[in-house]
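Chemist: Below: one structure in structure tokens.
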Amino acid sequence: MSRLRQRLALDRPELLAWALYDWANSAMLTVVLTTVFPIFYARVAAAGLEPRVATGRFTLTTLVAMSIAALIAPFLGALADVSAKKKRFLAGFMLLGAGSCAAMFLIERGDWLLASLLFALANIGATASFVFYDSLLPHVARPEEIDRVSTSGYALGYLGGGLLLALALAMIEAPQRFGFPPGGGDGGQADTLPTRAAFLLVALWWLVFAIPLFVRVREPRRGFEADESPQAGSAWRVARTRLRETFTELGRYRQAMLMLCAFLAYNDGIGTIMRMATIYGHELGIPESTLIGALLAVQFVGVPCSFGFGALSGRFGAKRLILFSIAVYAIVSLLAWRMSESWHFWVLAILVGLVQGGSQALSRSLFASMIPRHKSGEFFGLFSVLEKFAGLLGPGVFFLASWFTGSSRLAILSVVGFFVVGAWLLLKVDVEAGQRAAREADAQVRTEPEHLIPSTHPPA
């Protein structure tokens, strides 16, 4: 067992504790963000509204939440860097997200406004917490194991999210087996009790399995030894200065920024497939049972495949494996253009499960290896901005293509363009040069006196 954990880069307590946060948080992503809550919102919270109106309000809520998370992420990342409070910020946004999930238990029929507010807060809490979680990666993992640690986190996330989703669906489909009273079939509180209890379970799962991170993972120090820790007011000023500096010196980390641009492009395609697959399949007449079953399949197929990507990264390199994943996604898009049967959807789901976790995990670790550790919060804040922007741009292009062509089949082909551009940009990334620039920046911070570091004390 110890040898297996070593191969997966989970052999030290801090590594396993860090990866378990993926397990903890993914329950929210699968149950609340992807499957159960959207259906609950349409059938219960938005009861009495026209389906078109309900969908519009849900979409607007998602847009607002993602926009807020994207706007605050870079500044919060910089603030966490200069104040050495990554874990504290992570805990705060985790409590916001988990508390919002727990409060979903209170949603009654027609409470669309409350449901929208809680869904937005849960989204902000989850996405913002991941900024600080991701920024801890280069601090807990050594350079030679960073790819395996990242993919192991994604694998545990798939497993944890899949298990809780399966449990939630079982509670909803067979409530009496779990001790819930029979409902009246009128959509009242008794009928919705199993679903609302699933939201409580998500919050509990998230909080309990996040504990190891706060116990075992040390708070990273700031990038230099200061004589005094910054006061609250100066920390905000320093954060603003550091953030301005990060934007002005992006040219120094050209490879990291080129990687970000590539990630923006191909992640647009990935995000579009993730968000539009269910709607597209439903439009083509694919049964709901197939859509949900395929989603579960993606979760569990992603577990061994994410581990596999981590193991192969040492041999082939993260960049090559990401390029392979992009090629698979492009093939998925082309096959989806011709999809017509339920088994076609299953095949596409399995193909996505093969590469989804690995491609995202290696994107995270590759980016982490090319940024200075003392600015990990700031750079992962930018990473988060582009990730959220990808969640808007891809589906937006899909919508416009569908609108102008009058066909979702033709719109799905537009996704291929994102993969082509992303692969072209990624081919231009010089990984070794990017890693060397990051090492040089960290070495400079460790050796320079504090009064020579501009980000230490902002101008009066």
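Simple scheme: letters A, B, ... for chains in structure tokens order, numbers from 1 for residues in each chain, numbers from 1 for ligands in the order shown.
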If we count only C-alpha atoms and set the cut-off at 7 Å, which residues sit around stretch 186-200 of chain A, ignoring sequence neighbours fewer than 5 positions away in its own chain? Please answer as a VMD selection string.
Modeler: chain A and resid 101 to 102 104 to 105 108 168 171 to 172 175 180 to 181
Chemist: Go ahead and dump the residues you just picked, C-alpha atoms, as an mmCIF file, in the first residue's frame.
Modeler:
```
data_model
loop_
_atom_site.group_PDB
_atom_site.id
_atom_site.type_symbol
_atom_site.label_atom_id
_atom_site.label_comp_id
_atom_site.auth_asym_id
_atom_site.auth_seq_id
_atom_site.Cartn_x
_atom_site.Cartn_y
_atom_site.Cartn_z
ATOM 1 C CA CYS A 101 -25.603 24.288 0.235
ATOM 2 C CA ALA A 102 -26.942 23.499 3.705
ATOM 3 C CA MET A 104 -30.842 24.932 0.301
ATOM 4 C CA PHE A 105 -32.719 22.580 2.621
ATOM 5 C CA GLU A 108 -39.790 25.573 -0.760
ATOM 6 C CA ALA A 168 -28.001 11.345 -3.637
ATOM 7 C CA MET A 171 -32.049 8.790 -1.882
ATOM 8 C CA ILE A 172 -34.197 10.615 -4.414
ATOM 9 C CA PRO A 175 -36.550 7.574 -0.376
ATOM 10 C CA PHE A 180 -37.887 9.234 4.481
ATOM 11 C CA PRO A 181 -41.688 9.443 4.867
#
```
Chemist: Could you pull the residues within 9 Å of A:Ala126, counting only C-alpha atoms, minus those fewer than 3 positions along the same chain, as a VMD selection string?
Modeler: chain A and resid 25 28 to 29 93 to 94 96 to 98 121 to 123 129 to 130
Chemist: Sorted by chain and rising residue number, list the residues of stretch 112-182 of chain A at most 10 Å from stretch 300-313 of chain A (counting only C-alpha atoms), each with its closest atom pair and distance in Å to one decimal, as a tab-separated table.
Modeler:
```
residue	atom	partner	partner_atom	distance
A:Glu145	CA	A:Gly310	CA	8.9
A:Ile146	CA	A:Gly310	CA	9.0
A:Asp147	CA	A:Gly310	CA	5.7
A:Arg148	CA	A:Gly310	CA	4.2
A:Val149	CA	A:Gly310	CA	7.6
A:Ser150	CA	A:Gly310	CA	7.7
A:Thr151	CA	A:Gly310	CA	5.3
A:Ser152	CA	A:Phe307	CA	5.6
A:Gly153	CA	A:Ser306	CA	8.7
A:Tyr154	CA	A:Ser306	CA	6.5
A:Ala155	CA	A:Val303	CA	4.3
A:Leu156	CA	A:Val303	CA	6.8
A:Gly157	CA	A:Val303	CA	8.1
A:Tyr158	CA	A:Val303	CA	5.7
A:Leu159	CA	A:Val303	CA	6.0
A:Gly160	CA	A:Phe300	CA	9.4
A:Gly161	CA	A:Phe300	CA	9.1
A:Gly162	CA	A:Phe300	CA	6.4
A:Leu163	CA	A:Phe300	CA	8.7
```
Chemist: Show me, as a PDB file with C-alpha atoms, in the first residue's frame, the residues that have an atom within 9 Å of A:Leu413 when counting only C-alpha atoms, minus same-chain residues fewer than 5 positions from it.
Modeler:
```pdb
ATOM      1  CA  SER A 333     -16.873  17.018 -31.131  1.00  0.00           C
ATOM      2  CA  LEU A 334     -16.799  15.543 -34.631  1.00  0.00           C
ATOM      3  CA  ALA A 336     -21.180  14.373 -31.618  1.00  0.00           C
ATOM      4  CA  TRP A 337     -21.983  16.109 -34.895  1.00  0.00           C
ATOM      5  CA  PHE A 398     -22.200  27.683 -29.347  1.00  0.00           C
ATOM      6  CA  SER A 408     -27.153  22.546 -32.837  1.00  0.00           C
TER       7      SER A 408
END
```
Chemist: Report the residues of stretch 125-193 of chain A whose backbone DSSP state falls under helix (DSSP H, G or I), written as a PyMOL selection string.
Modeler: chain A and resi 125-135+137-140+143-173+175-178+189-193
Chemist: Which residue gives the smallest distance to A:Leu400 among A:Arg142, A:Val415, A:Arg364, A:Glu341, with only C-alpha atoms counted?
Modeler: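 Result for the nearest residue to A:Leu400: A:Val415.
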Chemist: Please measure the separation of atom CA of A:Pro287 and atom CA of A:Ala46, giving the value in Å to one decimal.
Modeler: 23.1 Å
Chemist: My list of candidates is A:Val217, A:Leu169, A:Leu366, A:Leu20. Which is closest to A:Ala438 when distances are computed with only C-alpha atoms?
Modeler: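 Closest to A:Ala438 of all the choices is A:Leu366.
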Chemist: I'd like the interatomic distance between atom CA of A:Ser100 and atom CA of A:Gly125, to a tenth of an Å.
Modeler: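 Interatomic distance, atom CA of A:Ser100 to atom CA of A:Gly125: 8.6 Å.
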